[in-house]
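Working notes for the structure below.
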Amino acid sequence: MSDQTTDWLGQPSDGEKPDPVRAARGHAKPALPRRFYDEAAFAEDQGGYRLTLDGRPANTPARNPLRLPSRILAERVAAEWGAQDTAIDPARMPLTRLANTAIDGVTPRLAEVAADLCAYAGTDLLAYRAGDPERLVAAQAEAWDPILAWARDAFGARVILSEGVMHVAQPADTIRALSEAVNAVTDPFQMAGLHTLTTLTGSLLIALAVLKGRLTPAEAWAAAHVDETYQAAVWGRDAEAEARLEARRTEFEAAAAFVGAGD
């Protein structure tokens, strides 16, 4: 393997200073960088699996090693790079983007990210229920009540329900129990995935259920979108809304892959 490294946009990362003109242009919508490599692969090294481009070890935007904790993730990230055409489009690389976030953003600030997640313990989606129509009330109960029962058994977290959007204060013991579950996550890749799942769904409980294997990603997605499914059944599907939802699902599935990264 070559000793020279390459960052994820193809700039040499062997100590060369960044181009200030390119940096200034970063505030505008940048043109997509051209694909500069023939082969995307990975190589096992100390601490994981390093993405390689034409045999050169790749780096993150912050010039950290783009190293994945599992072979499966490394295969999928390399496949994202291999699937690029003449240009490199980050929008089509959700796993790579999340890996960069885990390495550059979460690793040096693990406690801060955990604290941000713990705030969701008091505002979880699953606590806020519709008062009507009956069909939606039943759908929420069917999807969410088993998750609440699991959280009670797994963490001792008893969630108080509210009808509508009126805020309801959760018991201190519940906040503490869920916060302990979050702080038990010490792997930056898992934390990045957990944070993304939570922010996309508004539910720390759903994210923890994926982390612990209580829900599959498909089950978790369905549980998080009971309201949208009901609205689509009643009013029909909107193409623009469906496209936005599909983009979010891509991010969701990438995050779900990451919560198992430390296993």
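Ligands are numbered from 1 in the order shown, residues from 1 within each chain, and chains are lettered A, B, ... in the order they appear in the structure tokens.
Excluding Arg34 in chain A itself and same-chain residues fewer than 5 positions from it, the residues having an atom within 6 Å of it are Thr86, Ala87 and Ile88 of chain A, counting only C-alpha atoms.
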Notebook entry, point to check: Which residues, written as a list in words, have at least one atom at most 10 Å from Ala41 in chain A, with only C-alpha atoms counted and residues fewer than 5 positions away on the same chain left out?
Noted result: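 Contacts, in chain order: Tyr49, Arg50, Leu51, Thr52, Leu53, Asp54, Gly55, Arg56, Pro57, Ala74, Glu75, Arg76, Val77, Ala78, Ala79, Trp81 and Gly82 of chain A.
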For those residues, write N, CA and C atoms to a file as a tab-separated table (two decimals), in the first residue's frame.
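Final output, saved to out_38.tsv:
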```
chain	number	residue	atom	x	y	z
A	49	TYR	N	-10.56	-1.06	9.55
A	49	TYR	CA	-10.45	-1.29	8.11
A	49	TYR	C	-10.39	0.07	7.42
A	50	ARG	N	-9.29	0.36	6.79
A	50	ARG	CA	-9.03	1.66	6.19
A	50	ARG	C	-9.51	1.67	4.73
A	51	LEU	N	-10.32	2.66	4.38
A	51	LEU	CA	-10.69	2.84	2.98
A	51	LEU	C	-9.45	3.16	2.18
A	52	THR	N	-9.34	2.53	1.00
A	52	THR	CA	-8.23	2.81	0.10
A	52	THR	C	-8.76	3.19	-1.27
A	53	LEU	N	-8.10	4.13	-1.91
A	53	LEU	CA	-8.44	4.57	-3.26
A	53	LEU	C	-7.20	4.38	-4.12
A	54	ASP	N	-7.30	3.44	-5.06
A	54	ASP	CA	-6.14	3.04	-5.86
A	54	ASP	C	-4.97	2.64	-4.96
A	55	GLY	N	-5.29	1.97	-3.87
A	55	GLY	CA	-4.26	1.47	-2.96
A	55	GLY	C	-3.77	2.45	-1.93
A	56	ARG	N	-4.17	3.69	-2.04
A	56	ARG	CA	-3.73	4.70	-1.08
A	56	ARG	C	-4.74	4.82	0.05
A	57	PRO	N	-4.30	4.84	1.30
A	57	PRO	CA	-5.23	4.99	2.42
A	57	PRO	C	-5.90	6.35	2.39
A	74	ALA	N	-16.88	-1.39	6.16
A	74	ALA	CA	-15.83	-1.04	5.19
A	74	ALA	C	-16.24	-1.45	3.78
A	75	GLU	N	-16.82	-2.62	3.64
A	75	GLU	CA	-17.29	-3.06	2.32
A	75	GLU	C	-18.34	-2.11	1.76
A	76	ARG	N	-19.26	-1.68	2.63
A	76	ARG	CA	-20.34	-0.82	2.16
A	76	ARG	C	-19.85	0.59	1.83
A	77	VAL	N	-18.91	1.10	2.61
A	77	VAL	CA	-18.34	2.42	2.31
A	77	VAL	C	-17.54	2.36	1.01
A	78	ALA	N	-16.74	1.31	0.84
A	78	ALA	CA	-15.99	1.17	-0.41
A	78	ALA	C	-16.93	1.05	-1.60
A	79	ALA	N	-18.07	0.38	-1.40
A	79	ALA	CA	-19.04	0.26	-2.48
A	79	ALA	C	-19.63	1.61	-2.86
A	81	TRP	N	-18.04	4.46	-2.74
A	81	TRP	CA	-17.02	5.12	-3.56
A	81	TRP	C	-16.95	4.49	-4.94
A	82	GLY	N	-17.09	3.17	-4.99
A	82	GLY	CA	-17.04	2.50	-6.27
A	82	GLY	C	-18.21	2.84	-7.16
```
Can you write out as CSV which residues of range 216-263 of chain A fall within 12 Å of range 116-129 of chain A, alongside each residue's closest atom pair and its distance in Å to one decimal, counting only C-alpha atoms and ordering rows by chain and ascending residue number?
```
residue,atom,partner,partner_atom,distance
A:Ala220,CA,A:Leu126,CA,12.0
A:Ala223,CA,A:Leu126,CA,9.2
A:Ala224,CA,A:Leu125,CA,8.1
A:His225,CA,A:Leu125,CA,10.3
A:Val226,CA,A:Leu126,CA,10.5
A:Asp227,CA,A:Arg129,CA,10.0
```
Please produce a file of those selected residues containing N, CA and C atoms, as a CSV table (one decimal), in the first residue's frame.
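Resulting contents of result-v8.csv:
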```
chain,number,residue,atom,x,y,z
A,220,ALA,N,-38.4,-0.1,13.0
A,220,ALA,CA,-38.2,1.2,13.6
A,220,ALA,C,-38.7,2.3,12.7
A,223,ALA,N,-42.5,2.4,12.9
A,223,ALA,CA,-43.0,2.9,14.2
A,223,ALA,C,-42.8,4.4,14.2
A,224,ALA,N,-41.8,4.9,13.7
A,224,ALA,CA,-41.5,6.4,13.7
A,224,ALA,C,-42.4,7.1,12.8
A,225,HIS,N,-43.1,6.5,11.8
A,225,HIS,CA,-43.9,7.1,10.8
A,225,HIS,C,-45.3,6.7,10.8
A,226,VAL,N,-45.8,6.3,11.9
A,226,VAL,CA,-47.2,5.9,12.0
A,226,VAL,C,-48.1,7.1,11.6
A,227,ASP,N,-47.9,8.3,12.0
A,227,ASP,CA,-48.7,9.4,11.6
A,227,ASP,C,-48.7,9.6,10.1
```
Can you build me a table of range 97-128 of chain A residues sitting at most 10 Å from range 234-258 of chain A, with the closest atom pair per residue and its distance in Å to one decimal, using only C-alpha atoms, sorted by chain and residue number, as CSV?
```
residue,atom,partner,partner_atom,distance
A:Arg97,CA,A:Ala254,CA,9.5
A:Leu98,CA,A:Ala255,CA,7.4
A:Ala99,CA,A:Phe258,CA,8.5
A:Ala102,CA,A:Phe258,CA,9.4
```
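The protein and nucleic acid residues lying at most 12 Å from range 153-156 of chain A are Pro146, Ile147, Leu148, Ala149, Pro171, Ala172, Asp173, Thr174, Ile175, Arg176, Ala177, Leu178, Ser179, Glu180, Ala181, Val182, Ala184, Leu205, Leu208, Ala209, Lys212, Gly213 and Arg214 of chain A, with only C-alpha atoms considered and sequence neighbours fewer than 4 positions away removed.
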Next item on the list: Can you work out which one of A:Leu136, A:Leu161, A:Ala218, A:Ile72 has the shortest atom-to-atom distance to Ala232 in chain A, counting only C-alpha atoms?
Entry: A:Leu136
Note to self: For the structure I just gave you, how does DSSP split range 38-175 of chain A - specifically, which residues are strand (DSSP E or B)? Reply as a list in words.
What the structure shows: Ala40, Ala41, Phe42, Ala43, Glu44, Asp45, Gly48, Tyr49, Arg50, Leu51, Thr52, Leu53, Arg56, Pro57, Ala58, Asn59, Pro65, Arg67, Leu68, Ala87, Tyr128, Arg129, Ser162 and Glu163 of chain A
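The gap separating CA of Ser203 in chain A from CA of Pro108 in chain A is 24.6 Å, in Å to one decimal.
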